[in-house]
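Here is the structure we will look at.
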Amino acid sequence: MSHTASPVRLDSHDAVVLCSEGPPLEATVVPSAGMVVASLRHRGDELLGQRGGLGAYVADGKTFGIPLLHPWANRLGGNDYGRGDGHVELPEDSPRVRRDEHGLPIHGLLAASPYWTPEAPRATEDAAWLAAELDFGAHPDLLASFPFPHQLRLEVVLEGATLRITLRVRATGLVPVPLAFGFHPYLQLPGVPRASWRVELP
């Protein structure tokens, strides 16, 4: 089995395509757009809902691909939240805070974030991978909404028919960092009407 990791351009962004020959599977990752997995193709068929595409995800945070939701997964119940020594009020005008149709903060602060620093992509016979880091504490616009300095390391690995995404969080300040991150894969079954889908979860 052979794997490759190839740089490409996708909608004016640098991206990396991770490929496996057996079975044919390829994942496209865009570091400058939040390390989002923008495409996952099996034998040429797209398995991720493209919706408005990468452009709408970057411009407006529209749902797309497999995004990282951090530092909160899904929604907050309001425009502030508690912490040990008080509470945090989210800035109303922050472009990093995306909101749902009811005005609630949704999907964290890193949707399409340009702050990731990728490493060189790598591939062996057994796997292909791309890793990147983000120093959350180095960005005042992020700390204004989540005042807990930390560093993130995100790794996307393609190994045969398996795509694995790993996130590591390391506190870099004097305060503990609360964790509530997640991933939101927008999966689709090519050529199968949604009403016919059946999902089994462990």
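In the structure tokens, each chain is lettered A, B, ... as it comes, each chain's residues begin at 1, and ligands are numbered from 1 in order of appearance.
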8 Å contact set for stretch 103-119 of chain A, only C-alpha atoms, chain neighbours under 2 positions out, as an mmCIF file with all heavy atoms, in the first residue's frame:
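Result file result-v9.cif:
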```cif
data_model
loop_
_atom_site.group_PDB
_atom_site.id
_atom_site.type_symbol
_atom_site.label_atom_id
_atom_site.label_comp_id
_atom_site.auth_asym_id
_atom_site.auth_seq_id
_atom_site.Cartn_x
_atom_site.Cartn_y
_atom_site.Cartn_z
ATOM 1 N N PRO A 31 -4.828 24.282 5.930
ATOM 2 C CA PRO A 31 -4.316 24.870 7.173
ATOM 3 C C PRO A 31 -4.751 26.318 7.395
ATOM 4 O O PRO A 31 -5.094 26.694 8.523
ATOM 5 C CB PRO A 31 -2.793 24.775 7.006
ATOM 6 C CG PRO A 31 -2.590 23.624 6.070
ATOM 7 C CD PRO A 31 -3.742 23.698 5.114
ATOM 8 N N SER A 32 -4.764 27.141 6.338
ATOM 9 C CA SER A 32 -5.081 28.565 6.507
ATOM 10 C C SER A 32 -6.575 28.828 6.676
ATOM 11 O O SER A 32 -6.991 29.974 6.836
ATOM 12 C CB SER A 32 -4.557 29.357 5.300
ATOM 13 O OG SER A 32 -5.219 28.941 4.115
ATOM 14 N N ALA A 33 -7.386 27.767 6.662
ATOM 15 C CA ALA A 33 -8.823 27.896 6.892
ATOM 16 C C ALA A 33 -9.219 27.003 8.065
ATOM 17 O O ALA A 33 -10.137 26.190 7.983
ATOM 18 C CB ALA A 33 -9.610 27.538 5.644
ATOM 19 N N GLY A 34 -8.475 27.120 9.161
ATOM 20 C CA GLY A 34 -8.823 26.406 10.370
ATOM 21 C C GLY A 34 -8.444 24.940 10.393
ATOM 22 O O GLY A 34 -8.977 24.179 11.190
ATOM 23 N N MET A 35 -7.534 24.518 9.510
ATOM 24 C CA MET A 35 -7.170 23.098 9.396
ATOM 25 C C MET A 35 -8.400 22.249 9.083
ATOM 26 O O MET A 35 -8.493 21.081 9.451
ATOM 27 C CB MET A 35 -6.466 22.591 10.646
ATOM 28 C CG MET A 35 -4.988 22.927 10.741
ATOM 29 S SD MET A 35 -3.970 22.066 9.513
ATOM 30 C CE MET A 35 -3.880 20.412 10.198
ATOM 31 N N VAL A 36 -9.355 22.837 8.383
ATOM 32 C CA VAL A 36 -10.573 22.110 8.031
ATOM 33 C C VAL A 36 -10.253 21.012 7.021
ATOM 34 O O VAL A 36 -9.436 21.199 6.116
ATOM 35 C CB VAL A 36 -11.649 23.065 7.473
ATOM 36 C CG1 VAL A 36 -11.240 23.668 6.125
ATOM 37 C CG2 VAL A 36 -12.993 22.373 7.359
ATOM 38 N N TYR A 57 -17.369 29.049 3.929
ATOM 39 C CA TYR A 57 -16.875 28.694 5.256
ATOM 40 C C TYR A 57 -15.909 29.757 5.770
ATOM 41 O O TYR A 57 -15.999 30.200 6.917
ATOM 42 C CB TYR A 57 -16.192 27.328 5.203
ATOM 43 C CG TYR A 57 -15.542 26.909 6.500
ATOM 44 C CD1 TYR A 57 -16.309 26.653 7.626
ATOM 45 C CD2 TYR A 57 -14.161 26.770 6.599
ATOM 46 C CE1 TYR A 57 -15.714 26.268 8.830
ATOM 47 C CE2 TYR A 57 -13.562 26.382 7.792
ATOM 48 C CZ TYR A 57 -14.339 26.139 8.900
ATOM 49 O OH TYR A 57 -13.749 25.766 10.079
ATOM 50 N N VAL A 58 -14.992 30.186 4.918
ATOM 51 C CA VAL A 58 -14.007 31.198 5.316
ATOM 52 C C VAL A 58 -14.673 32.550 5.565
ATOM 53 O O VAL A 58 -14.398 33.219 6.561
ATOM 54 C CB VAL A 58 -12.899 31.321 4.257
ATOM 55 C CG1 VAL A 58 -11.997 32.513 4.549
ATOM 56 C CG2 VAL A 58 -12.081 30.035 4.178
ATOM 57 N N GLY A 61 -18.334 31.433 7.996
ATOM 58 C CA GLY A 61 -18.421 30.329 8.944
ATOM 59 C C GLY A 61 -19.528 29.345 8.633
ATOM 60 O O GLY A 61 -20.009 28.644 9.515
ATOM 61 N N PRO A 67 -14.933 20.556 10.325
ATOM 62 C CA PRO A 67 -14.294 21.652 11.066
ATOM 63 C C PRO A 67 -14.033 21.282 12.520
ATOM 64 O O PRO A 67 -14.729 20.434 13.102
ATOM 65 C CB PRO A 67 -15.340 22.767 10.976
ATOM 66 C CG PRO A 67 -16.651 22.029 10.949
ATOM 67 C CD PRO A 67 -16.387 20.738 10.198
ATOM 68 N N LEU A 68 -13.041 21.933 13.110
ATOM 69 C CA LEU A 68 -12.784 21.853 14.544
ATOM 70 C C LEU A 68 -13.649 22.888 15.247
ATOM 71 O O LEU A 68 -13.678 24.060 14.846
ATOM 72 C CB LEU A 68 -11.301 22.144 14.828
ATOM 73 C CG LEU A 68 -10.918 22.430 16.284
ATOM 74 C CD1 LEU A 68 -11.144 21.195 17.159
ATOM 75 C CD2 LEU A 68 -9.473 22.907 16.370
ATOM 76 N N LEU A 69 -14.353 22.472 16.294
ATOM 77 C CA LEU A 69 -15.136 23.384 17.125
ATOM 78 C C LEU A 69 -14.385 23.547 18.445
ATOM 79 O O LEU A 69 -14.304 22.613 19.239
ATOM 80 C CB LEU A 69 -16.531 22.811 17.392
ATOM 81 C CG LEU A 69 -17.293 22.231 16.193
ATOM 82 C CD1 LEU A 69 -18.687 21.787 16.617
ATOM 83 C CD2 LEU A 69 -17.355 23.207 15.036
ATOM 84 N N HIS A 70 -13.826 24.736 18.670
ATOM 85 C CA HIS A 70 -12.998 24.987 19.849
ATOM 86 C C HIS A 70 -12.997 26.483 20.130
ATOM 87 O O HIS A 70 -12.937 27.270 19.188
ATOM 88 C CB HIS A 70 -11.552 24.515 19.588
ATOM 89 C CG HIS A 70 -10.619 24.766 20.729
ATOM 90 N ND1 HIS A 70 -10.536 23.935 21.823
ATOM 91 C CD2 HIS A 70 -9.757 25.775 20.959
ATOM 92 C CE1 HIS A 70 -9.647 24.413 22.665
ATOM 93 N NE2 HIS A 70 -9.163 25.536 22.163
ATOM 94 N N PRO A 71 -13.040 26.933 21.356
ATOM 95 C CA PRO A 71 -12.936 26.195 22.604
ATOM 96 C C PRO A 71 -14.279 25.742 23.175
ATOM 97 O O PRO A 71 -14.325 25.281 24.318
ATOM 98 C CB PRO A 71 -12.262 27.191 23.526
ATOM 99 C CG PRO A 71 -12.750 28.521 23.038
ATOM 100 C CD PRO A 71 -12.884 28.370 21.552
ATOM 101 N N TRP A 72 -15.376 25.908 22.434
ATOM 102 C CA TRP A 72 -16.610 25.251 22.846
ATOM 103 C C TRP A 72 -17.184 24.543 21.618
ATOM 104 O O TRP A 72 -17.055 24.987 20.490
ATOM 105 C CB TRP A 72 -17.624 26.232 23.456
ATOM 106 C CG TRP A 72 -17.985 27.389 22.573
ATOM 107 C CD1 TRP A 72 -18.897 27.405 21.552
ATOM 108 C CD2 TRP A 72 -17.456 28.728 22.635
ATOM 109 N NE1 TRP A 72 -18.959 28.658 20.975
ATOM 110 C CE2 TRP A 72 -18.091 29.484 21.630
ATOM 111 C CE3 TRP A 72 -16.514 29.349 23.471
ATOM 112 C CZ2 TRP A 72 -17.810 30.828 21.417
ATOM 113 C CZ3 TRP A 72 -16.238 30.678 23.248
ATOM 114 C CH2 TRP A 72 -16.874 31.417 22.236
ATOM 115 N N ALA A 73 -17.797 23.408 21.895
ATOM 116 C CA ALA A 73 -18.436 22.653 20.820
ATOM 117 C C ALA A 73 -19.910 23.046 20.773
ATOM 118 O O ALA A 73 -20.555 23.187 21.807
ATOM 119 C CB ALA A 73 -18.283 21.157 21.061
ATOM 120 N N ASN A 74 -20.403 23.232 19.581
ATOM 121 C CA ASN A 74 -21.782 23.639 19.331
ATOM 122 C C ASN A 74 -22.053 25.010 19.936
ATOM 123 O O ASN A 74 -21.265 25.927 19.724
ATOM 124 C CB ASN A 74 -22.771 22.577 19.789
ATOM 125 C CG ASN A 74 -23.976 22.515 18.862
ATOM 126 O OD1 ASN A 74 -24.014 23.190 17.846
ATOM 127 N ND2 ASN A 74 -24.940 21.719 19.212
ATOM 128 N N ARG A 75 -23.134 25.198 20.716
ATOM 129 C CA ARG A 75 -23.564 26.535 21.135
ATOM 130 C C ARG A 75 -23.297 26.808 22.619
ATOM 131 O O ARG A 75 -23.295 25.899 23.425
ATOM 132 C CB ARG A 75 -25.063 26.701 20.886
ATOM 133 C CG ARG A 75 -25.465 26.722 19.442
ATOM 134 C CD ARG A 75 -26.977 26.562 19.306
ATOM 135 N NE ARG A 75 -27.376 26.599 17.913
ATOM 136 C CZ ARG A 75 -27.290 25.559 17.092
ATOM 137 N NH1 ARG A 75 -26.791 24.416 17.516
ATOM 138 N NH2 ARG A 75 -27.686 25.664 15.838
ATOM 139 N N LEU A 76 -23.161 28.110 22.917
ATOM 140 C CA LEU A 76 -23.244 28.573 24.297
ATOM 141 C C LEU A 76 -24.679 29.034 24.544
ATOM 142 O O LEU A 76 -25.394 29.421 23.613
ATOM 143 C CB LEU A 76 -22.269 29.728 24.541
ATOM 144 C CG LEU A 76 -20.778 29.407 24.449
ATOM 145 C CD1 LEU A 76 -19.959 30.667 24.722
ATOM 146 C CD2 LEU A 76 -20.383 28.290 25.407
ATOM 147 N N GLY A 77 -25.086 29.037 25.813
ATOM 148 C CA GLY A 77 -26.456 29.414 26.144
ATOM 149 C C GLY A 77 -26.710 30.907 26.164
ATOM 150 O O GLY A 77 -27.851 31.344 26.273
ATOM 151 N N GLY A 78 -25.645 31.704 26.048
ATOM 152 C CA GLY A 78 -25.806 33.151 26.071
ATOM 153 C C GLY A 78 -24.515 33.828 25.677
ATOM 154 O O GLY A 78 -23.581 33.185 25.183
ATOM 155 N N ASN A 79 -24.438 35.130 25.909
ATOM 156 C CA ASN A 79 -23.278 35.903 25.481
ATOM 157 C C ASN A 79 -22.193 35.966 26.550
ATOM 158 O O ASN A 79 -21.225 36.691 26.411
ATOM 159 C CB ASN A 79 -23.706 37.328 25.102
ATOM 160 C CG ASN A 79 -22.712 37.978 24.174
ATOM 161 O OD1 ASN A 79 -22.288 37.374 23.196
ATOM 162 N ND2 ASN A 79 -22.327 39.211 24.476
ATOM 163 N N ARG A 96 -14.472 36.798 15.333
ATOM 164 C CA ARG A 96 -14.177 35.403 15.656
ATOM 165 C C ARG A 96 -15.375 34.685 16.258
ATOM 166 O O ARG A 96 -15.448 33.458 16.240
ATOM 167 C CB ARG A 96 -12.991 35.327 16.631
ATOM 168 C CG ARG A 96 -11.731 35.959 16.088
ATOM 169 C CD ARG A 96 -10.761 35.054 15.376
ATOM 170 N NE ARG A 96 -11.217 33.885 14.703
ATOM 171 C CZ ARG A 96 -11.187 33.720 13.378
ATOM 172 N NH1 ARG A 96 -10.771 34.685 12.597
ATOM 173 N NH2 ARG A 96 -11.574 32.593 12.839
ATOM 174 N N VAL A 97 -16.330 35.441 16.844
ATOM 175 C CA VAL A 97 -17.504 34.829 17.463
ATOM 176 C C VAL A 97 -18.599 34.711 16.405
ATOM 177 O O VAL A 97 -19.181 35.708 15.985
ATOM 178 C CB VAL A 97 -18.009 35.649 18.669
ATOM 179 C CG1 VAL A 97 -19.258 35.006 19.270
ATOM 180 C CG2 VAL A 97 -16.917 35.777 19.724
ATOM 181 N N ARG A 98 -18.866 33.482 15.973
ATOM 182 C CA ARG A 98 -19.945 33.229 15.017
ATOM 183 C C ARG A 98 -21.225 32.960 15.806
ATOM 184 O O ARG A 98 -21.188 32.383 16.897
ATOM 185 C CB ARG A 98 -19.614 32.033 14.122
ATOM 186 C CG ARG A 98 -18.260 32.134 13.417
ATOM 187 C CD ARG A 98 -18.212 33.254 12.410
ATOM 188 N NE ARG A 98 -16.893 33.455 11.859
ATOM 189 C CZ ARG A 98 -16.516 33.054 10.647
ATOM 190 N NH1 ARG A 98 -17.346 32.395 9.876
ATOM 191 N NH2 ARG A 98 -15.304 33.313 10.209
ATOM 192 N N ARG A 99 -22.361 33.360 15.249
ATOM 193 C CA ARG A 99 -23.635 33.226 15.963
ATOM 194 C C ARG A 99 -24.668 32.502 15.102
ATOM 195 O O ARG A 99 -24.643 32.600 13.878
ATOM 196 C CB ARG A 99 -24.150 34.602 16.382
ATOM 197 C CG ARG A 99 -23.166 35.325 17.309
ATOM 198 C CD ARG A 99 -23.674 36.669 17.772
ATOM 199 N NE ARG A 99 -22.662 37.341 18.595
ATOM 200 C CZ ARG A 99 -22.504 37.128 19.895
ATOM 201 N NH1 ARG A 99 -23.309 36.293 20.522
ATOM 202 N NH2 ARG A 99 -21.571 37.759 20.565
ATOM 203 N N ASP A 100 -25.559 31.776 15.801
ATOM 204 C CA ASP A 100 -26.608 31.073 15.081
ATOM 205 C C ASP A 100 -27.768 32.022 14.790
ATOM 206 O O ASP A 100 -27.679 33.241 15.061
ATOM 207 C CB ASP A 100 -27.056 29.823 15.845
ATOM 208 C CG ASP A 100 -27.824 30.149 17.130
ATOM 209 O OD1 ASP A 100 -28.095 31.338 17.408
ATOM 210 O OD2 ASP A 100 -28.145 29.196 17.862
ATOM 211 N N GLU A 101 -28.874 31.490 14.271
ATOM 212 C CA GLU A 101 -30.004 32.338 13.880
ATOM 213 C C GLU A 101 -30.678 33.011 15.067
ATOM 214 O O GLU A 101 -31.458 33.957 14.896
ATOM 215 C CB GLU A 101 -31.031 31.515 13.087
ATOM 216 C CG GLU A 101 -31.709 30.401 13.874
ATOM 217 C CD GLU A 101 -30.922 29.100 13.881
ATOM 218 O OE1 GLU A 101 -29.714 29.097 13.547
ATOM 219 O OE2 GLU A 101 -31.520 28.068 14.227
ATOM 220 N N PRO A 121 4.032 18.431 5.204
ATOM 221 C CA PRO A 121 3.301 17.164 5.139
ATOM 222 C C PRO A 121 4.261 16.001 4.911
ATOM 223 O O PRO A 121 5.325 16.173 4.311
ATOM 224 C CB PRO A 121 2.357 17.354 3.950
ATOM 225 C CG PRO A 121 2.977 18.429 3.130
ATOM 226 C CD PRO A 121 3.725 19.311 4.076
ATOM 227 N N LEU A 130 -0.583 15.351 8.085
ATOM 228 C CA LEU A 130 -0.304 16.784 8.156
ATOM 229 C C LEU A 130 -0.593 17.227 9.582
ATOM 230 O O LEU A 130 -1.653 16.921 10.132
ATOM 231 C CB LEU A 130 -1.183 17.561 7.176
ATOM 232 C CG LEU A 130 -1.039 19.088 7.232
ATOM 233 C CD1 LEU A 130 0.342 19.521 6.759
ATOM 234 C CD2 LEU A 130 -2.124 19.771 6.407
ATOM 235 N N ALA A 131 0.348 17.945 10.180
ATOM 236 C CA ALA A 131 0.184 18.470 11.532
ATOM 237 C C ALA A 131 0.363 19.983 11.511
ATOM 238 O O ALA A 131 1.069 20.533 10.649
ATOM 239 C CB ALA A 131 1.197 17.832 12.487
ATOM 240 N N ALA A 132 -0.294 20.661 12.446
ATOM 241 C CA ALA A 132 -0.160 22.111 12.577
ATOM 242 C C ALA A 132 -0.343 22.491 14.035
ATOM 243 O O ALA A 132 -0.966 21.754 14.814
ATOM 244 C CB ALA A 132 -1.181 22.833 11.700
ATOM 245 N N GLU A 133 0.198 23.652 14.399
ATOM 246 C CA GLU A 133 0.065 24.154 15.759
ATOM 247 C C GLU A 133 -0.524 25.554 15.752
ATOM 248 O O GLU A 133 -0.378 26.293 14.766
ATOM 249 C CB GLU A 133 1.426 24.151 16.466
ATOM 250 C CG GLU A 133 1.973 22.759 16.698
ATOM 251 C CD GLU A 133 3.219 22.730 17.580
ATOM 252 O OE1 GLU A 133 3.770 23.824 17.849
ATOM 253 O OE2 GLU A 133 3.607 21.625 17.992
ATOM 254 N N LEU A 134 -1.184 25.887 16.855
ATOM 255 C CA LEU A 134 -1.764 27.219 17.021
ATOM 256 C C LEU A 134 -1.525 27.647 18.463
ATOM 257 O O LEU A 134 -1.932 26.947 19.397
ATOM 258 C CB LEU A 134 -3.264 27.202 16.699
ATOM 259 C CG LEU A 134 -3.976 28.550 16.622
ATOM 260 C CD1 LEU A 134 -5.203 28.442 15.722
ATOM 261 C CD2 LEU A 134 -4.396 29.057 17.998
ATOM 262 N N ASP A 135 -0.862 28.786 18.637
ATOM 263 C CA ASP A 135 -0.635 29.354 19.962
ATOM 264 C C ASP A 135 -1.792 30.293 20.278
ATOM 265 O O ASP A 135 -1.788 31.472 19.918
ATOM 266 C CB ASP A 135 0.704 30.101 19.985
ATOM 267 C CG ASP A 135 1.061 30.594 21.384
ATOM 268 O OD1 ASP A 135 0.205 30.485 22.291
ATOM 269 O OD2 ASP A 135 2.182 31.099 21.562
ATOM 270 N N LEU A 142 -8.529 36.211 20.294
ATOM 271 C CA LEU A 142 -9.027 34.943 20.820
ATOM 272 C C LEU A 142 -9.150 34.997 22.343
ATOM 273 O O LEU A 142 -10.154 34.562 22.919
ATOM 274 C CB LEU A 142 -8.100 33.799 20.418
ATOM 275 C CG LEU A 142 -7.960 33.529 18.915
ATOM 276 C CD1 LEU A 142 -6.973 32.392 18.666
ATOM 277 C CD2 LEU A 142 -9.310 33.212 18.281
#
```
Item checked: Shell around A:Thr166 at 9 Å using only C-alpha atoms, local window under 2 positions removed, as a ChimeraX atom specification -> /A:153-157,164,168
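Running DSSP on the backbone gives helix (DSSP H, G or I) for these residues within stretch 15-192 of chain A: Pro31, Ser32, Ala33, Gly53, Leu54, Gly55, Ala56, Tyr57, Val58, Ala59, Asp60, Phe136, Gly137, Ala138, Pro140, Asp141, Leu142 and Leu143 of chain A.
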Can those selected residues be exported to a file as a JSON list (two decimals), in the first residue's frame so that it contains N, CA, C and O atoms?
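Resulting contents of result25.json:
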```json
[["chain", "number", "residue", "atom", "x", "y", "z"],
["A", 31, "PRO", "N", -4.83, 24.28, 5.93],
["A", 31, "PRO", "CA", -4.32, 24.87, 7.17],
["A", 31, "PRO", "C", -4.75, 26.32, 7.39],
["A", 31, "PRO", "O", -5.09, 26.69, 8.52],
["A", 32, "SER", "N", -4.76, 27.14, 6.34],
["A", 32, "SER", "CA", -5.08, 28.56, 6.51],
["A", 32, "SER", "C", -6.57, 28.83, 6.68],
["A", 32, "SER", "O", -6.99, 29.97, 6.84],
["A", 33, "ALA", "N", -7.39, 27.77, 6.66],
["A", 33, "ALA", "CA", -8.82, 27.90, 6.89],
["A", 33, "ALA", "C", -9.22, 27.00, 8.07],
["A", 33, "ALA", "O", -10.14, 26.19, 7.98],
["A", 53, "GLY", "N", -19.34, 25.55, 0.15],
["A", 53, "GLY", "CA", -17.94, 25.45, -0.24],
["A", 53, "GLY", "C", -17.00, 26.16, 0.71],
["A", 53, "GLY", "O", -17.40, 26.77, 1.71],
["A", 54, "LEU", "N", -15.71, 26.06, 0.39],
["A", 54, "LEU", "CA", -14.68, 26.64, 1.23],
["A", 54, "LEU", "C", -14.83, 28.15, 1.35],
["A", 54, "LEU", "O", -14.61, 28.73, 2.41],
["A", 55, "GLY", "N", -15.21, 28.81, 0.27],
["A", 55, "GLY", "CA", -15.35, 30.27, 0.29],
["A", 55, "GLY", "C", -16.37, 30.74, 1.32],
["A", 55, "GLY", "O", -16.11, 31.68, 2.08],
["A", 56, "ALA", "N", -17.53, 30.09, 1.39],
["A", 56, "ALA", "CA", -18.56, 30.47, 2.35],
["A", 56, "ALA", "C", -18.13, 30.13, 3.78],
["A", 56, "ALA", "O", -18.49, 30.84, 4.72],
["A", 57, "TYR", "N", -17.37, 29.05, 3.93],
["A", 57, "TYR", "CA", -16.88, 28.69, 5.26],
["A", 57, "TYR", "C", -15.91, 29.76, 5.77],
["A", 57, "TYR", "O", -16.00, 30.20, 6.92],
["A", 58, "VAL", "N", -14.99, 30.19, 4.92],
["A", 58, "VAL", "CA", -14.01, 31.20, 5.32],
["A", 58, "VAL", "C", -14.67, 32.55, 5.57],
["A", 58, "VAL", "O", -14.40, 33.22, 6.56],
["A", 59, "ALA", "N", -15.56, 32.96, 4.67],
["A", 59, "ALA", "CA", -16.16, 34.29, 4.77],
["A", 59, "ALA", "C", -17.19, 34.40, 5.88],
["A", 59, "ALA", "O", -17.24, 35.41, 6.61],
["A", 60, "ASP", "N", -18.03, 33.37, 6.04],
["A", 60, "ASP", "CA", -19.17, 33.49, 6.93],
["A", 60, "ASP", "C", -19.29, 32.37, 7.96],
["A", 60, "ASP", "O", -20.26, 32.33, 8.71],
["A", 136, "PHE", "N", -2.81, 29.76, 20.94],
["A", 136, "PHE", "CA", -4.02, 30.52, 21.25],
["A", 136, "PHE", "C", -3.70, 31.76, 22.06],
["A", 136, "PHE", "O", -4.26, 32.83, 21.84],
["A", 137, "GLY", "N", -2.77, 31.62, 23.00],
["A", 137, "GLY", "CA", -2.43, 32.73, 23.88],
["A", 137, "GLY", "C", -1.71, 33.88, 23.21],
["A", 137, "GLY", "O", -1.58, 34.95, 23.80],
["A", 138, "ALA", "N", -1.26, 33.69, 21.98],
["A", 138, "ALA", "CA", -0.55, 34.75, 21.26],
["A", 138, "ALA", "C", -1.49, 35.69, 20.51],
["A", 138, "ALA", "O", -1.03, 36.64, 19.88],
["A", 140, "PRO", "N", -4.66, 38.21, 20.93],
["A", 140, "PRO", "CA", -5.57, 38.93, 21.82],
["A", 140, "PRO", "C", -7.04, 38.80, 21.41],
["A", 140, "PRO", "O", -7.92, 38.80, 22.28],
["A", 141, "ASP", "N", -7.32, 38.70, 20.11],
["A", 141, "ASP", "CA", -8.72, 38.58, 19.69],
["A", 141, "ASP", "C", -9.34, 37.27, 20.16],
["A", 141, "ASP", "O", -10.54, 37.20, 20.42],
["A", 142, "LEU", "N", -8.53, 36.21, 20.29],
["A", 142, "LEU", "CA", -9.03, 34.94, 20.82],
["A", 142, "LEU", "C", -9.15, 35.00, 22.34],
["A", 142, "LEU", "O", -10.15, 34.56, 22.92],
["A", 143, "LEU", "N", -8.14, 35.56, 23.00],
["A", 143, "LEU", "CA", -8.15, 35.65, 24.46],
["A", 143, "LEU", "C", -9.27, 36.54, 24.99],
["A", 143, "LEU", "O", -9.74, 36.35, 26.11]]
```
Notebook entry, point to check: Smallest atom-to-atom distance to A:Arg83: which of A:Asp126, A:His102, A:Pro7, A:Pro178, using only C-alpha atoms?
Noted result: A:Pro178
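Considering only stretch 142-193 of chain A, backbone DSSP assigns strand (DSSP E) to His150, Gln151, Leu152, Arg153, Leu154, Glu155, Val156, Val157, Leu158, Glu159, Thr162, Leu163, Arg164, Ile165, Thr166, Leu167, Arg168, Val169, Arg170, Ala171, Gly182 and Phe183 of chain A.
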Margin query: Give me the residues near A:Gly160 as a ChimeraX atom specification, where near means some atom within 8 Å (using only C-alpha atoms) and where sequence neighbours in that chain fewer than 6 positions away do not count.
Written below: /A:1,20-23,25,126-127
So that I have them on file, write out the residues from the current selection with N, CA and C atoms, as an mmCIF file, in the first residue's frame.
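Output contents, as saved in selection_31.cif:
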```cif
data_model
loop_
_atom_site.group_PDB
_atom_site.id
_atom_site.type_symbol
_atom_site.label_atom_id
_atom_site.label_comp_id
_atom_site.auth_asym_id
_atom_site.auth_seq_id
_atom_site.Cartn_x
_atom_site.Cartn_y
_atom_site.Cartn_z
ATOM 1 N N MET A 1 0.847 -1.182 0.000
ATOM 2 C CA MET A 1 0.000 0.000 0.000
ATOM 3 C C MET A 1 0.889 1.240 0.000
ATOM 4 N N SER A 20 -4.334 7.617 -0.128
ATOM 5 C CA SER A 20 -4.047 6.204 0.075
ATOM 6 C C SER A 20 -4.477 5.465 -1.179
ATOM 7 N N GLU A 21 -3.633 4.540 -1.649
ATOM 8 C CA GLU A 21 -3.970 3.792 -2.856
ATOM 9 C C GLU A 21 -4.839 2.569 -2.571
ATOM 10 N N GLY A 22 -4.833 2.076 -1.371
ATOM 11 C CA GLY A 22 -5.592 0.866 -1.130
ATOM 12 C C GLY A 22 -6.296 0.876 0.212
ATOM 13 N N PRO A 23 -7.640 1.072 0.211
ATOM 14 C CA PRO A 23 -8.450 1.444 -0.943
ATOM 15 C C PRO A 23 -8.246 2.911 -1.290
ATOM 16 N N LEU A 25 -8.498 6.457 -1.243
ATOM 17 C CA LEU A 25 -9.117 7.435 -0.360
ATOM 18 C C LEU A 25 -8.226 8.656 -0.334
ATOM 19 N N ASP A 126 2.915 3.447 4.815
ATOM 20 C CA ASP A 126 1.806 3.081 5.694
ATOM 21 C C ASP A 126 0.814 4.202 5.980
ATOM 22 N N ALA A 127 1.209 5.460 5.819
ATOM 23 C CA ALA A 127 0.328 6.559 6.200
ATOM 24 C C ALA A 127 0.792 7.867 5.573
#
```
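One finds atom CA of A:Phe146 at 12.6 Å from atom CA of A:Gly173.
Reported to one decimal place, the separation of atom CA of A:Pro149 from atom CA of A:Lys62 is 26.8 Å.
When only C-alpha atoms are used to measure the gap to A:Ala27, the shortest distance among A:Asp93, A:Glu125, A:Glu46, A:Asp85 belongs to A:Glu46.
For the choices A:Leu40, A:Val88, A:Val29, A:Leu201, the atom-to-atom distance to A:Ala144 is smallest for A:Val88 when using only C-alpha atoms.
Considering the residues A:Leu90, A:Ile66, A:Val30, A:Val169 and counting only C-alpha atoms, A:Leu48 has its shortest atom-to-atom contact with A:Ile66.
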Item checked: Within 9 Å of A:Gln50 using only C-alpha atoms, minus same-chain residues under 4 positions, as a PyMOL selection string -> chain A and resi 38-39+46+54+63-65+186
Note to self: Rounded to one decimal, what separation in Å do you get between atom CA of A:His13 and atom CA of A:His150?
What the structure shows: 26.1 Å
